[in-house]
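Peer 1: my_file03.pdb is reproduced in full below (PDB, C-alpha atoms).
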ATOM      1  CA  MET A  20     203.256 -37.695 104.994
ATOM      2  CA  GLU A  21     200.331 -40.120 105.005
ATOM      3  CA  ILE A  22     198.211 -37.651 106.972
ATOM      4  CA  LEU A  23     199.061 -34.755 104.646
ATOM      5  CA  LEU A  24     198.304 -36.879 101.577
ATOM      6  CA  SER A  25     195.017 -38.136 103.048
ATOM      7  CA  LEU A  26     193.931 -34.519 103.673
ATOM      8  CA  GLY A  27     194.785 -33.417 100.136
ATOM      9  CA  ALA A  28     197.454 -31.093 101.536
ATOM     10  CA  VAL A  29     200.110 -32.107  98.985
ATOM     11  CA  LEU A  30     199.250 -30.412  95.702
ATOM     12  CA  LYS A  31     200.806 -30.972  92.283
ATOM     13  CA  GLY A  32     200.774 -28.418  89.468
ATOM     14  CA  HIS A  33     202.537 -25.080  88.829
ATOM     15  CA  PHE A  34     202.685 -22.870  91.885
ATOM     16  CA  LEU A  35     203.971 -19.417  92.782
ATOM     17  CA  LEU A  36     205.513 -19.725  96.248
ATOM     18  CA  SER A  37     205.644 -16.861  98.752
ATOM     19  CA  SER A  38     209.410 -16.770  98.115
ATOM     20  CA  GLY A  39     208.698 -15.755  94.515
ATOM     21  CA  LYS A  40     210.001 -19.082  93.235
ATOM     22  CA  HIS A  41     207.951 -21.558  91.211
ATOM     23  CA  SER A  42     207.387 -25.236  92.031
ATOM     24  CA  ASP A  43     205.459 -28.283  90.866
ATOM     25  CA  THR A  44     204.656 -29.181  94.503
ATOM     26  CA  TYR A  45     202.819 -27.154  97.143
ATOM     27  CA  ILE A  46     202.116 -28.149 100.733
ATOM     28  CA  GLN A  47     198.883 -26.585 102.017
ATOM     29  CA  CYS A  48     199.208 -26.949 105.807
ATOM     30  CA  ALA A  49     195.928 -25.080 106.267
ATOM     31  CA  LYS A  50     194.263 -28.376 105.337
ATOM     32  CA  LEU A  51     196.061 -29.970 108.297
ATOM     33  CA  PHE A  52     195.284 -27.129 110.710
ATOM     34  CA  GLN A  53     191.537 -27.320 110.053
ATOM     35  CA  TYR A  54     191.527 -30.444 112.236
ATOM     36  CA  PRO A  55     192.363 -29.707 115.897
ATOM     37  CA  GLU A  56     193.472 -33.288 116.542
ATOM     38  CA  TYR A  57     196.088 -33.110 113.762
ATOM     39  CA  SER A  58     197.179 -29.607 114.782
ATOM     40  CA  GLU A  59     197.748 -30.893 118.286
ATOM     41  CA  LEU A  60     199.485 -34.090 117.151
ATOM     42  CA  PHE A  61     201.979 -32.298 114.879
ATOM     43  CA  SER A  62     202.549 -29.447 117.341
ATOM     44  CA  LYS A  63     203.172 -31.810 120.245
ATOM     45  CA  LYS A  64     205.752 -33.754 118.242
ATOM     46  CA  LEU A  65     207.503 -30.539 117.202
ATOM     47  CA  ALA A  66     207.293 -28.971 120.682
ATOM     48  CA  ASP A  67     209.067 -32.015 122.113
ATOM     49  CA  GLU A  68     212.158 -30.895 120.162
ATOM     50  CA  PHE A  69     212.269 -27.601 122.099
ATOM     51  CA  THR A  70     211.200 -28.437 125.682
ATOM     52  CA  ALA A  71     214.788 -28.261 126.984
ATOM     53  CA  ASP A  72     215.256 -24.765 125.503
ATOM     54  CA  LYS A  73     213.103 -23.025 128.144
ATOM     55  CA  ILE A  74     211.131 -21.012 125.576
ATOM     56  CA  ASP A  75     209.280 -17.880 126.785
ATOM     57  CA  VAL A  76     207.321 -17.037 123.642
ATOM     58  CA  VAL A  77     206.512 -18.618 120.267
ATOM     59  CA  ILE A  78     206.108 -16.420 117.184
ATOM     60  CA  GLY A  79     205.178 -17.203 113.600
ATOM     61  CA  PRO A  80     204.672 -15.150 110.463
ATOM     62  CA  ALA A  81     201.111 -14.631 109.254
ATOM     63  CA  LEU A  82     199.428 -16.386 107.739
ATOM     64  CA  GLY A  83     201.099 -19.802 107.701
ATOM     65  CA  GLY A  84     202.619 -19.539 111.169
ATOM     66  CA  VAL A  85     199.607 -18.202 113.093
ATOM     67  CA  VAL A  86     197.917 -21.489 114.007
ATOM     68  CA  LEU A  87     201.237 -23.269 114.507
ATOM     69  CA  ALA A  88     202.493 -20.515 116.855
ATOM     70  CA  TYR A  89     199.305 -20.829 118.899
ATOM     71  CA  GLU A  90     199.474 -24.624 119.067
ATOM     72  CA  MET A  91     203.194 -24.666 119.864
ATOM     73  CA  ALA A  92     202.694 -22.071 122.607
ATOM     74  CA  LYS A  93     199.916 -24.227 124.035
ATOM     75  CA  GLN A  94     202.167 -27.298 124.050
ATOM     76  CA  LEU A  95     205.047 -25.378 125.659
ATOM     77  CA  ASN A  96     202.727 -23.479 128.041
ATOM     78  CA  VAL A  97     204.018 -20.057 126.946
ATOM     79  CA  ARG A  98     202.760 -16.983 125.073
ATOM     80  CA  GLY A  99     202.031 -17.330 121.376
ATOM     81  CA  ILE A 100     202.116 -14.343 119.009
ATOM     82  CA  PHE A 101     202.472 -13.647 115.302
ATOM     83  CA  ALA A 102     204.062 -11.094 113.014
ATOM     84  CA  GLU A 103     202.251  -9.800 109.957
ATOM     85  CA  ARG A 104     203.190  -8.019 106.784
ATOM     86  CA  THR A 105     202.083  -4.391 106.557
ATOM     87  CA  GLN A 106     203.011  -2.372 103.485
ATOM     88  CA  GLY A 107     205.488  -5.073 102.514
ATOM     89  CA  GLN A 108     207.278  -5.235 105.873
ATOM     90  CA  MET A 109     206.939  -7.893 108.571
ATOM     91  CA  GLN A 110     206.141  -6.371 111.978
ATOM     92  CA  LEU A 111     204.476  -6.930 115.333
ATOM     93  CA  ARG A 112     201.038  -5.377 115.712
ATOM     94  CA  ARG A 113     197.968  -5.869 117.920
ATOM     95  CA  GLY A 114     199.888  -4.969 121.074
ATOM     96  CA  PHE A 115     202.218  -7.971 120.783
ATOM     97  CA  GLU A 116     205.675  -7.518 122.241
ATOM     98  CA  ILE A 117     208.887  -9.362 122.886
ATOM     99  CA  LYS A 118     210.708  -8.373 126.034
ATOM    100  CA  ARG A 119     214.481  -7.986 126.164
ATOM    101  CA  GLY A 120     216.106 -11.302 127.035
ATOM    102  CA  GLU A 121     213.076 -13.484 126.261
ATOM    103  CA  LYS A 122     213.860 -16.852 124.694
ATOM    104  CA  VAL A 123     211.899 -17.078 121.465
ATOM    105  CA  LEU A 124     210.945 -19.966 119.197
ATOM    106  CA  VAL A 125     210.105 -18.984 115.608
ATOM    107  CA  VAL A 126     207.716 -21.323 113.785
ATOM    108  CA  GLU A 127     206.478 -21.558 110.205
ATOM    109  CA  ASP A 128     204.237 -24.099 108.505
ATOM    110  CA  VAL A 129     206.509 -24.659 105.484
ATOM    111  CA  VAL A 130     210.115 -23.530 104.991
ATOM    112  CA  THR A 131     211.405 -23.231 101.422
ATOM    113  CA  THR A 132     213.908 -20.357 101.306
ATOM    114  CA  GLY A 133     213.411 -19.227 104.910
ATOM    115  CA  GLY A 134     212.681 -15.640 103.870
ATOM    116  CA  SER A 135     209.652 -14.995 106.101
ATOM    117  CA  THR A 136     211.307 -16.845 108.977
ATOM    118  CA  ARG A 137     214.408 -14.661 108.709
ATOM    119  CA  GLU A 138     212.233 -11.537 108.741
ATOM    120  CA  VAL A 139     210.616 -12.696 111.982
ATOM    121  CA  MET A 140     214.026 -13.574 113.444
ATOM    122  CA  GLN A 141     215.162 -10.018 112.694
ATOM    123  CA  ILE A 142     212.169  -8.567 114.561
ATOM    124  CA  VAL A 143     212.983 -10.754 117.569
ATOM    125  CA  LYS A 144     216.639  -9.653 117.567
ATOM    126  CA  GLU A 145     215.771  -5.959 117.149
ATOM    127  CA  LEU A 146     213.515  -6.167 120.208
ATOM    128  CA  GLY A 147     216.227  -7.830 122.297
ATOM    129  CA  GLY A 148     214.835 -11.351 122.234
ATOM    130  CA  GLU A 149     217.006 -14.427 121.786
ATOM    131  CA  VAL A 150     216.041 -16.794 118.949
ATOM    132  CA  MET A 151     216.430 -20.273 120.441
ATOM    133  CA  GLY A 152     215.302 -22.211 117.397
ATOM    134  CA  ILE A 153     213.153 -22.581 114.318
ATOM    135  CA  GLY A 154     210.369 -25.144 113.981
ATOM    136  CA  SER A 155     208.293 -26.082 110.948
ATOM    137  CA  ILE A 156     205.808 -28.725 109.929
ATOM    138  CA  VAL A 157     207.485 -29.140 106.533
ATOM    139  CA  ASP A 158     211.064 -28.411 105.501
ATOM    140  CA  ARG A 159     211.225 -28.256 101.722
ATOM    141  CA  SER A 160     214.500 -26.307 101.642
ATOM    142  CA  ASN A 161     216.509 -29.276 100.339
ATOM    143  CA  ASP A 162     219.082 -28.512 103.069
ATOM    144  CA  GLN A 163     219.800 -25.125 101.472
ATOM    145  CA  VAL A 164     218.744 -23.055 104.514
ATOM    146  CA  ASP A 165     220.900 -22.368 107.566
ATOM    147  CA  PHE A 166     219.298 -20.148 110.195
ATOM    148  CA  GLY A 167     222.317 -20.264 112.511
ATOM    149  CA  VAL A 168     220.180 -21.815 115.259
ATOM    150  CA  LYS A 169     218.555 -25.190 115.870
ATOM    151  CA  PHE A 170     216.076 -25.994 113.083
ATOM    152  CA  ARG A 171     213.621 -28.874 113.427
ATOM    153  CA  SER A 172     210.749 -30.020 111.248
ATOM    154  CA  ILE A 173     208.254 -32.860 111.299
ATOM    155  CA  LEU A 174     208.733 -33.728 107.643
ATOM    156  CA  LYS A 175     211.392 -33.116 105.004
ATOM    157  CA  ILE A 176     210.231 -33.021 101.416
ATOM    158  CA  ASN A 177     212.609 -32.694  98.497
ATOM    159  CA  ALA A 178     210.652 -30.456  96.158
ATOM    160  CA  ILE A 179     212.283 -28.415  93.449
ATOM    161  CA  ALA A 180     211.810 -24.656  93.517
ATOM    162  CA  TYR A 181     212.674 -22.828  90.296
ATOM    163  CA  GLU A 182     213.679 -19.246  89.702
ATOM    164  CA  PRO A 183     210.935 -17.712  87.521
ATOM    165  CA  GLN A 184     213.336 -17.049  84.649
ATOM    166  CA  THR A 185     214.425 -20.728  84.486
ATOM    167  CA  CYS A 186     211.125 -22.433  85.288
ATOM    168  CA  PRO A 187     210.421 -25.380  82.938
ATOM    169  CA  LEU A 188     206.722 -25.213  83.849
ATOM    170  CA  CYS A 189     206.580 -21.663  82.489
ATOM    171  CA  GLU A 190     208.400 -22.870  79.351
ATOM    172  CA  LYS A 191     205.620 -25.412  78.828
ATOM    173  CA  GLY A 192     202.985 -22.664  79.210
ATOM    174  CA  ILE A 193     201.365 -24.301  82.241
ATOM    175  CA  PRO A 194     199.202 -21.713  84.064
ATOM    176  CA  ILE A 195     200.615 -20.706  87.438
ATOM    177  CA  VAL A 196     198.541 -20.716  90.623
ATOM    178  CA  LYS A 197     199.201 -18.726  93.758
ATOM    179  CA  PRO A 198     197.852 -21.041  96.483
ATOM    180  CA  GLY A 199     195.593 -19.510  99.053
ATOM    181  CA  SER A 200     193.895 -17.436  96.403
ATOM    182  CA  ARG A 201     191.856 -18.048  93.301
ATOM    183  CA  GLU A 202     194.311 -16.026  91.307
ATOM    184  CA  ARG A 203     195.509 -17.881  88.242
ATOM    185  CA  LYS A 204     197.665 -16.307  85.660
ATOM    186  CA  LYS A 205     199.524 -17.432  82.630
ATOM    187  CA  ALA A 206     203.200 -17.419  83.515
ATOM    188  CA  LYS A 207     205.611 -15.982  81.025
ATOM    189  CA  HIS A 208     209.026 -17.436  80.533
ATOM    190  CA  GLN A 209     211.590 -14.814  81.457
ATOM    191  CA  LYS A 210     215.083 -14.871  79.963
TER     192      LYS A 210
END
As C-alpha cells - that is how I would like this structure written.
Peer 2:
Amino acid sequence: MEILLSLGAVLKGHFLLSSGKHSDTYIQCAKLFQYPEYSELFSKKLADEFTADKIDVVIGPALGGVVLAYEMAKQLNVRGIFAERTQGQMQLRRGFEIKRGEKVLVVEDVVTTGGSTREVMQIVKELGGEVMGIGSIVDRSNDQVDFGVKFRSILKINAIAYEPQTCPLCEKGIPIVKPGSRERKKAKHQK
C-alpha cells in the first residue's frame, strides 16, 4: 500500500468504475506499471502464488491486465496474451490462441465485481483451456467475488462500490470521473 500511495495510485473522489458502479476510491495501477522495478516486484510476489500450478499461459483483459499478463508470464516463463473488448464483447485477437488442455492463469490489475475477469474465464473455457487461478494486484471486492478457482491478490482494499441509483456521491452532486479518460460528467441521482 505504501508503494501505491507514494506513486499517487490511490485516488479519492467520485469515480465511475468499469463495472458501472460508483466509488469514492480508485486504484490506478497504471501508475505502478510505469516503473519496471515495481511491475517486476509485484508480479514476482503474485507469480509465487501460482508456481506449483504448472501454468502454460497467462491472460488478462485489456487494458488493465495487459502489462500484468506480460509480467506474470515473464515470471512464470510462459506465454502471455490479452483479451480485448470489440463491439462490447471480450475476445482474443491479434492471432492469440489458447490450446485445448492448456492451464491458464487469468490476471487483472484490480478486481471489484470480477466482471471482466469472468468474461476472460469464459473465453478460456470455450477454447478448451483450464482456468487454474485468478491473480490481481488489488482485490477491492470486499470478499463478494467467488470465481470458483484459486484467487490471490497482493493487496486487499475495502472500498465501497455503490449502485448508481443509490450513490450518495451523486446525491451530493459531486461530479463523476471515469478514470483513464478526461471525461467528467455531472452524475444524476437515479431513483
Peer 1: Just to confirm, what's the straight-line distance from CA of Gly114 (chain A) to CA of Asn96 (chain A) in Å (one decimal)?
Peer 2: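 Computed distance, CA of Gly114 (chain A) to CA of Asn96 (chain A), equals 20.0 Å.
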Peer 1: Using all atoms listed in the file for the distances, tell me which of A:Ile193, A:Val126, A:Val139, A:Ile46 is nearest to Ile176 (chain A).
Peer 2: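 Using all atoms listed in the file, Ile176 (chain A) sits closest to A:Ile46.
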Peer 1: Can you list what the PyMOL selection byres ((chain A and resi 135) around 10) grabs from this structure, as a list of chain:residue names?
Peer 2: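 This file gives the following for the PyMOL selection byres ((chain A and resi 135) around 10): A:Ser37, A:Ser38, A:Gly79, A:Pro80, A:Ala81, A:Gly83, A:Gly84, A:Ala102, A:Glu103, A:Arg104, A:Met109, A:Glu127, A:Val130, A:Thr131, A:Thr132, A:Gly133, A:Gly134, A:Thr136, A:Arg137, A:Glu138, A:Val139, A:Met140, A:Gln141.
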Peer 1: Carefully work through the PyMOL selection byres ((chain A and resi 155-165) around 10) for this structure and note down the residues it includes, as a PyMOL selection string.
Peer 2: chain A and resi 20+44-46+48+51+58+61-62+64-65+79+84+87-88+125-134+136+153-154+166-180
Peer 1: Could the centre and edge lengths of an axis-aligned box, enclosing all atoms of region 116-121 of chain A in the file with 8 Å extra on each side, be given in Å to one decimal as JSON?
Peer 2:
{"center_x": 210.9, "center_y": -10.5, "center_z": 124.6, "size_x": 26.4, "size_y": 22.0, "size_z": 20.8}
Peer 1: What lies within 9 Å of Met151 (chain A) using all atoms listed in the file, ignoring chain neighbours under 3 positions off, as a ChimeraX atom specification?
Peer 2: /A:69,72-74,122-125,168-169
Peer 1: Which residues match the PyMOL selection byres ((chain A and resi 113) around 12) in the file above, as an NGL selection string?
Peer 2: :A and (100-103 or 110-112 or 114-116)
Peer 1: What is the distance, in Å and to one decimal place, between CA of Val29 (chain A) and CA of Lys50 (chain A)?
Peer 2: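 Pair CA of Val29 (chain A) / CA of Lys50 (chain A) returns 9.4 Å.
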Peer 1: I'd like the neighbourhood of Glu121 (chain A) as number ranges by chain, where a residue qualifies if any of its atoms comes within 7 Å (using only C-alpha atoms), though same-chain residues fewer than 5 positions away should be ignored.
Peer 2: A: 75, 148-149
Peer 1: Please compute the CA of Gln94 (chain A)-CA of Ala66 (chain A) distance, one decimal, in Å.
Peer 2: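 Here the two named atoms are 6.4 Å from each other.
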Peer 1: In terms of the shortest atom-to-atom distance over all atoms listed in the file, which of A:Ile22, A:Met91, A:Gly39, A:Lys118 is closest to Tyr57 (chain A)?
Peer 2: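 That would be A:Ile22, the residue with the smallest distance to Tyr57 (chain A).
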